[in-house]
Amino acid sequence: MTLLLLAVIFRIINLQYVQGDKYRKLATELTIRPDTIYANRGNVYAADGNLLATSMSKFNIYMDLVTVDSKVFEENIAGLSKELSKMLGRSVNYHQSRLRNAKNRKKRYFLIARDIGYTDYLKMKKFPIFNLGVYKGGFIAKHRTERAHPIGKIAERTIGYDDFRGEAGIEGAFADYMQGKNGLRWVQKIAKNQWKPISDYNEKEPIDGDDIITTIDVNMQDITHHALLAQLENYEADHGCAVVMETKTGEIKAIANLGRTSKGKYYEKRNYAVWESHEPGSTFKLASLMAALEDKKIDTSTVVDTEKGRIFIHGSKVEDSHRGGYGKISAARVFEVSSNVGIVKLIQKHYDHQPEKFIEKIESYGFTKPIGFKIKGEGMPVVPKPSDKRWNKISLEWMSWGYGISITPMQTLMFYNAVANNGVMVKPRFIKELRRQEKTEEVYETEIVNPKIASEETLKKIRKVMENVVIKGTADNIYSPNFSMAGKTGTAKKFLPKHIDENGKTVNAGYSNKHYVASFAGFFPADKPKYSCIVVIHDPKKEKGYYGATVAGPVFKEIAQKIYTTTPIDNQSVEDKIQFAQIDKEFAAYHSKLNKNYTKIPNVKGMSGMDAVSLLENLGLKVKISGVGKVQSQSLSKGEKLEKGKTIVLKLS
């Protein structure tokens with residue numbers, strides 16, 4: 001018995017004095033721990049200062065009712081309940097009853113409010129009882145941040161993200177720069193899985209991340225997005241992209257990438273303009289014509305016999321879309337009417353014995369290697385060379401009209417922009433500057449890829465035939481006497497691997513007669529280009545149309561039309577009479593609405609989302625939107641009394 005007593009005494013002494021510090025430290029670690037305060041990521045801005053992406057603080061508010069003195073509670077519960085009623089709704093009695101019940105049940109982590117904003121959080125901290133702080137007032141705030149895109153889903157893939165989905169777009173490319181430095185505070189355990197800050201101040205304050213200023217113009221982005229969206233919906237296409245680039249600087253002013261869901265809706269599915277490498281079709285004929293002109297193999301007046309619009313090269317058929325062909329026409333006319341037979345015969349005649357000479361030109365036009373964006377996921381171009389194993393007897397001829405090669409829309413745009421920019425090829429760019437704590441840290445200048453892709457003589461001829469494509473060629477359907485455009489249409493059959501069709505039949509690999517890529521690339525104004533633009537639409541419903549002129553061309557025109565209208569270009573005046581009746585109607589309706597003196601809620605159904613938001617915010621309303629496109633419904637009905645500060649929710653489609 002004595003031995004047992006001595007053992008117990010020894011154990012107590014050992015625990016208290018020998019190992020005391022160890023176990024006291026362990027106990028503290030189990031009840032007190034450091035808690036990371038995550039820094040807000042930097043903001044992403046448009047060129048004009050509009051927010052494209054930002055971090056929004058959200059707070060869940062809890063109350064530790066055990067720490068609040070009973071006398072303090074009784075003296076202030078009415079005041080606290082009154083303030084909660086004002087902010088959160090429900091009656092004063094409702095909040096008072098909840099708080100009393102929680103106090104009686106000795107709740108230490110009682111939910112007061114969920115997902116309130118930073119402004120409401122600051123107000124709530126000053127409410128009766130809460131203003132006494134963490135311990136005397138029992139005020140517990142759990143902070144988190146959400147990434148928000150103020151302009152909605154528009155340009156979402158280009159703005160990008162850096163989260164559980166990975167790194168994409170601008171946010172992914174500049175993730176480290178925008179990250180910021182996390183802060184630290186100590187918290188104490190008050191119940192199972194419930195922790196409470198030890199003090200009202202942080203041990204280490206977080207430092208927000210740095211900001212990105214992009215080249216995007218919000219107005220042009222809205223125009224481009226909705227022009228592309230409307231055409232995709234009209235033709236029930238699978239996906240498409242449209243990009244607007246400033247000629248001199250290479251700044252991307254707008255970029256839209258939309259893919260179709262199983263329900264027929266469109267959203268920013270992938271960055272097709274940067275990612276998707278595909279056979280371009282006839283838009284590549286510009287490179288073929290320029291190479292032959294620059295090498296003095298032909299002139300625009302060189303005559304070629306397109307015969308009856310069909311020839312065979314080593315057993316493979318080349319055919320014009322125009323039945324019966326065009327007969328004998330000039331090289332300029334070959335380009336204007338997009339004769340496949342004409343361009344193939346020209347390139348075959350002058351380069352068949354020296355294809356490497358043709359490939360050298362294609363390489364100088366920037367088609368053989370990626371552009372080199374910071375944005376991840378750029379598509380790899382495929383341009384065969386005579387030394388490659390895949391090179392065959394018809395590789396050169398097929399390449400001349402845009403088949404057997406694979407390039408991205410951004411590569412095509414960079415080339416077309418160089419033609420518009422007097423031969424100076426500049427690298428497309430999305431970033432203007434990096435900004436740290438409101439101070440410019442780095443400015444991104446225009447980067448020249450090729451100082452001169454062709455002679456002045458060649459460029460002058462090329463620009464003229466591109467203008468004629470719109471005036472009297474394949475794109476004459478988009479011609480307008482009010483403003484000039486130049487460009488080239490493209491219609492390419494899609495190569496499909498071996499597959500099972502909708503009827504359950506096995507279809508061998510080959511070019512499809514049902515699936516097409518429609519495109520249009522060009523610039524405007526034609527004489528002194530300010531912007532270049534490309535539109536690519538995949539798999540439009542064949543029954544409705546699939547040619548580049550009818551599917552992609554009108555999107556190009558609408559973008560150019562609206563940019564002319566809303567962003568005046570100094571060197572060319574625009575007549576008041578607009579050829580696009582629908583556009584004219586929409587603009588007139590919008591300006592009419594904007595100039596009214598409202599006392600009641602207006603009807604904004606059918607308006608574009610951006611126009612509706614602008615109108616309603618100018619009236620003093622707070623606007624929340626969901627979806628993209630035009631307004632489908634509004635939460636405040638037409639004719640209701642207008643009360644400034646009230647929130648209206650718009651559903652877009």
# chains A, B, ... in the order shown; residues from 1 in each chain; ligands from 1
>>> residues_around(residues="Lys361 in chain A", least_positions_apart="3", cutoff="9 Å", atoms="only C-alpha atoms", output="VMD selection string")
chain A and resid 287 to 288 290 to 291 356 to 358 364 to 365 453
>>> select_by_dssp(residues="range 178-317 of chain A", states="strand (DSSP E)", output="PyMOL selection string")
chain A and resi 183-191+194-197+211-214+239-246+252-260+266-267+303-305+310-313+316-317
>>> write_last_selection(atoms="C-alpha atoms", output="compact mmCIF listing (two decimals), in the first residue's frame")
# COMPACT_ATOMS: atom_id res chain seq x y z
CA GLY A 183 -2.52 37.94 -42.33
CA LEU A 184 -2.71 36.16 -38.96
CA ARG A 185 -4.80 36.22 -35.82
CA TRP A 186 -5.11 33.93 -32.79
CA VAL A 187 -8.36 32.12 -32.04
CA GLN A 188 -9.52 30.13 -29.04
CA LYS A 189 -11.68 27.03 -29.04
CA ILE A 190 -15.07 27.61 -27.36
CA ALA A 191 -16.87 24.44 -28.42
CA GLN A 194 -16.04 26.41 -33.01
CA TRP A 195 -13.30 29.01 -32.63
CA LYS A 196 -13.41 32.59 -31.47
CA PRO A 197 -10.88 35.41 -32.04
CA ASP A 211 -3.92 44.97 -59.73
CA ILE A 212 -3.96 44.25 -63.46
CA ILE A 213 -5.02 46.88 -66.00
CA THR A 214 -6.15 45.14 -69.18
CA HIS A 239 -19.32 27.48 -80.59
CA GLY A 240 -17.53 30.55 -81.83
CA CYS A 241 -15.26 33.48 -81.06
CA ALA A 242 -14.87 37.12 -82.04
CA VAL A 243 -11.89 39.38 -81.33
CA VAL A 244 -11.29 43.10 -81.88
CA MET A 245 -7.68 44.34 -81.94
CA GLU A 246 -6.33 47.90 -82.12
CA ILE A 252 -7.14 43.40 -77.63
CA LYS A 253 -10.15 45.65 -77.09
CA ALA A 254 -12.73 42.86 -77.03
CA ILE A 255 -12.73 39.07 -77.04
CA ALA A 256 -15.79 36.82 -76.88
CA ASN A 257 -15.69 33.01 -76.69
CA LEU A 258 -19.04 31.23 -76.49
CA GLY A 259 -19.88 27.53 -76.46
CA ARG A 260 -23.28 25.83 -76.56
CA TYR A 266 -24.23 29.82 -74.62
CA TYR A 267 -21.51 30.70 -72.14
CA VAL A 303 -4.89 35.72 -115.50
CA VAL A 304 -5.68 32.18 -114.36
CA ASP A 305 -8.15 29.75 -115.90
CA ARG A 310 -13.41 21.80 -110.66
CA ILE A 311 -9.96 20.21 -111.06
CA PHE A 312 -8.23 17.08 -109.79
CA ILE A 313 -4.71 17.04 -108.36
CA SER A 316 -7.97 14.73 -105.12
CA LYS A 317 -10.74 17.14 -106.08
>>> residues_around(residues="Gln179 in chain A", least_positions_apart="5", cutoff="7 Å", atoms="only C-alpha atoms", output="MDAnalysis selection string")
chainID A and resid 41:42 209
>>> closest_residue(among="A:Met380, A:Val507, A:Leu396, A:Ala549", to="Leu346 in chain A", atoms="only C-alpha atoms")
A:Leu396
>>> atom_distance(atom1="CA of Gln231 in chain A", atom2="CA of Pro540 in chain A")
9.3 Å
>>> select_by_dssp(residues="range 386-440 of chain A", states="helix (DSSP H, G or I)", output="CSV table (one decimal) with N, CA and C atoms, in the first residue's frame")
chain,number,residue,atom,x,y,z
A,395,SER,N,0.3,18.4,-100.5
A,395,SER,CA,0.4,19.3,-99.3
A,395,SER,C,0.4,20.8,-99.6
A,396,LEU,N,1.3,21.1,-100.6
A,396,LEU,CA,1.4,22.6,-101.0
A,396,LEU,C,0.1,23.1,-101.5
A,397,GLU,N,-0.6,22.4,-102.4
A,397,GLU,CA,-1.8,22.8,-103.0
A,397,GLU,C,-2.9,23.0,-101.9
A,398,TRP,N,-3.0,22.0,-101.0
A,398,TRP,CA,-4.1,22.0,-100.0
A,398,TRP,C,-3.8,23.2,-99.0
A,399,MET,N,-2.6,23.4,-98.7
A,399,MET,CA,-2.3,24.5,-97.8
A,399,MET,C,-2.7,25.9,-98.4
A,400,SER,N,-2.5,26.0,-99.7
A,400,SER,CA,-2.8,27.3,-100.4
A,400,SER,C,-4.2,27.8,-100.2
A,409,PRO,N,-7.3,31.3,-84.3
A,409,PRO,CA,-7.9,32.6,-84.7
A,409,PRO,C,-7.0,33.8,-84.4
A,410,MET,N,-6.3,33.7,-83.3
A,410,MET,CA,-5.4,34.8,-82.9
A,410,MET,C,-4.2,35.0,-83.9
A,411,GLN,N,-3.7,33.9,-84.4
A,411,GLN,CA,-2.6,33.9,-85.4
A,411,GLN,C,-3.1,34.6,-86.7
A,412,THR,N,-4.3,34.2,-87.1
A,412,THR,CA,-4.9,34.7,-88.3
A,412,THR,C,-5.1,36.2,-88.1
A,413,LEU,N,-5.6,36.6,-86.9
A,413,LEU,CA,-5.9,38.0,-86.7
A,413,LEU,C,-4.6,38.8,-86.6
A,414,MET,N,-3.5,38.3,-86.1
A,414,MET,CA,-2.2,39.0,-86.0
A,414,MET,C,-1.7,39.2,-87.4
A,415,PHE,N,-1.9,38.3,-88.3
A,415,PHE,CA,-1.5,38.4,-89.7
A,415,PHE,C,-2.3,39.5,-90.4
A,416,TYR,N,-3.6,39.4,-90.3
A,416,TYR,CA,-4.5,40.4,-90.9
A,416,TYR,C,-4.2,41.8,-90.4
A,417,ASN,N,-4.0,41.9,-89.1
A,417,ASN,CA,-3.7,43.2,-88.5
A,417,ASN,C,-2.4,43.8,-89.0
A,418,ALA,N,-1.4,42.9,-89.4
A,418,ALA,CA,-0.2,43.4,-89.9
A,418,ALA,C,-0.4,44.1,-91.3
A,419,VAL,N,-1.3,43.5,-92.1
A,419,VAL,CA,-1.7,44.0,-93.4
A,419,VAL,C,-2.3,45.4,-93.2
A,420,ALA,N,-3.2,45.5,-92.2
A,420,ALA,CA,-3.8,46.8,-91.9
A,420,ALA,C,-2.8,47.8,-91.3
>>> residues_around(residues="Phe110 in chain A", least_positions_apart="5", cutoff="8 Å", atoms="only C-alpha atoms", output="PyMOL selection string")
chain A and resi 62-65+102
>>> residues_around(residues="Ile129 in chain A", least_positions_apart="3", cutoff="8 Å", atoms="only C-alpha atoms", output="VMD selection string")
chain A and resid 68 72 to 73 76 to 77 80 132 to 133 136 to 138
>>> atom_distance(atom1="CA of Val382 in chain A", atom2="CA of Leu286 in chain A")
17.8 Å
>>> closest_residue(among="A:Ala230, A:Ile116, A:Ile625, A:Met466", to="Ser338 in chain A", atoms="only C-alpha atoms")
A:Met466
>>> atom_distance(atom1="CA of Gly423 in chain A", atom2="CA of Ile216 in chain A")
24.1 Å
>>> residues_around(residues="Gly545 in chain A", least_positions_apart="4", cutoff="10 Å", atoms="only C-alpha atoms", output="list in words")
Tyr235, Tyr516, Ala518, Asp539, Pro540, Lys541, Ala549, Thr550 and Val551 of chain A
>>> residues_around(residues="Glu441 in chain A", least_positions_apart="2", cutoff="12 Å", atoms="only C-alpha atoms", output="list in words")
Tyr177, Asp210, Asp211, Ile212, Ile213, Lys432, Glu433, Leu434, Arg435, Arg436, Gln437, Glu438, Lys439, Val443 and Tyr444 of chain A
>>> closest_residue(among="A:Pro355, A:Lys464, A:Glu442, A:Ser282", to="Trp391 in chain A", atoms="only C-alpha atoms")
A:Pro355
>>> closest_residue(among="A:Val623, A:Tyr109, A:Ala521, A:Val555", to="Asn234 in chain A", atoms="only C-alpha atoms")
A:Val555
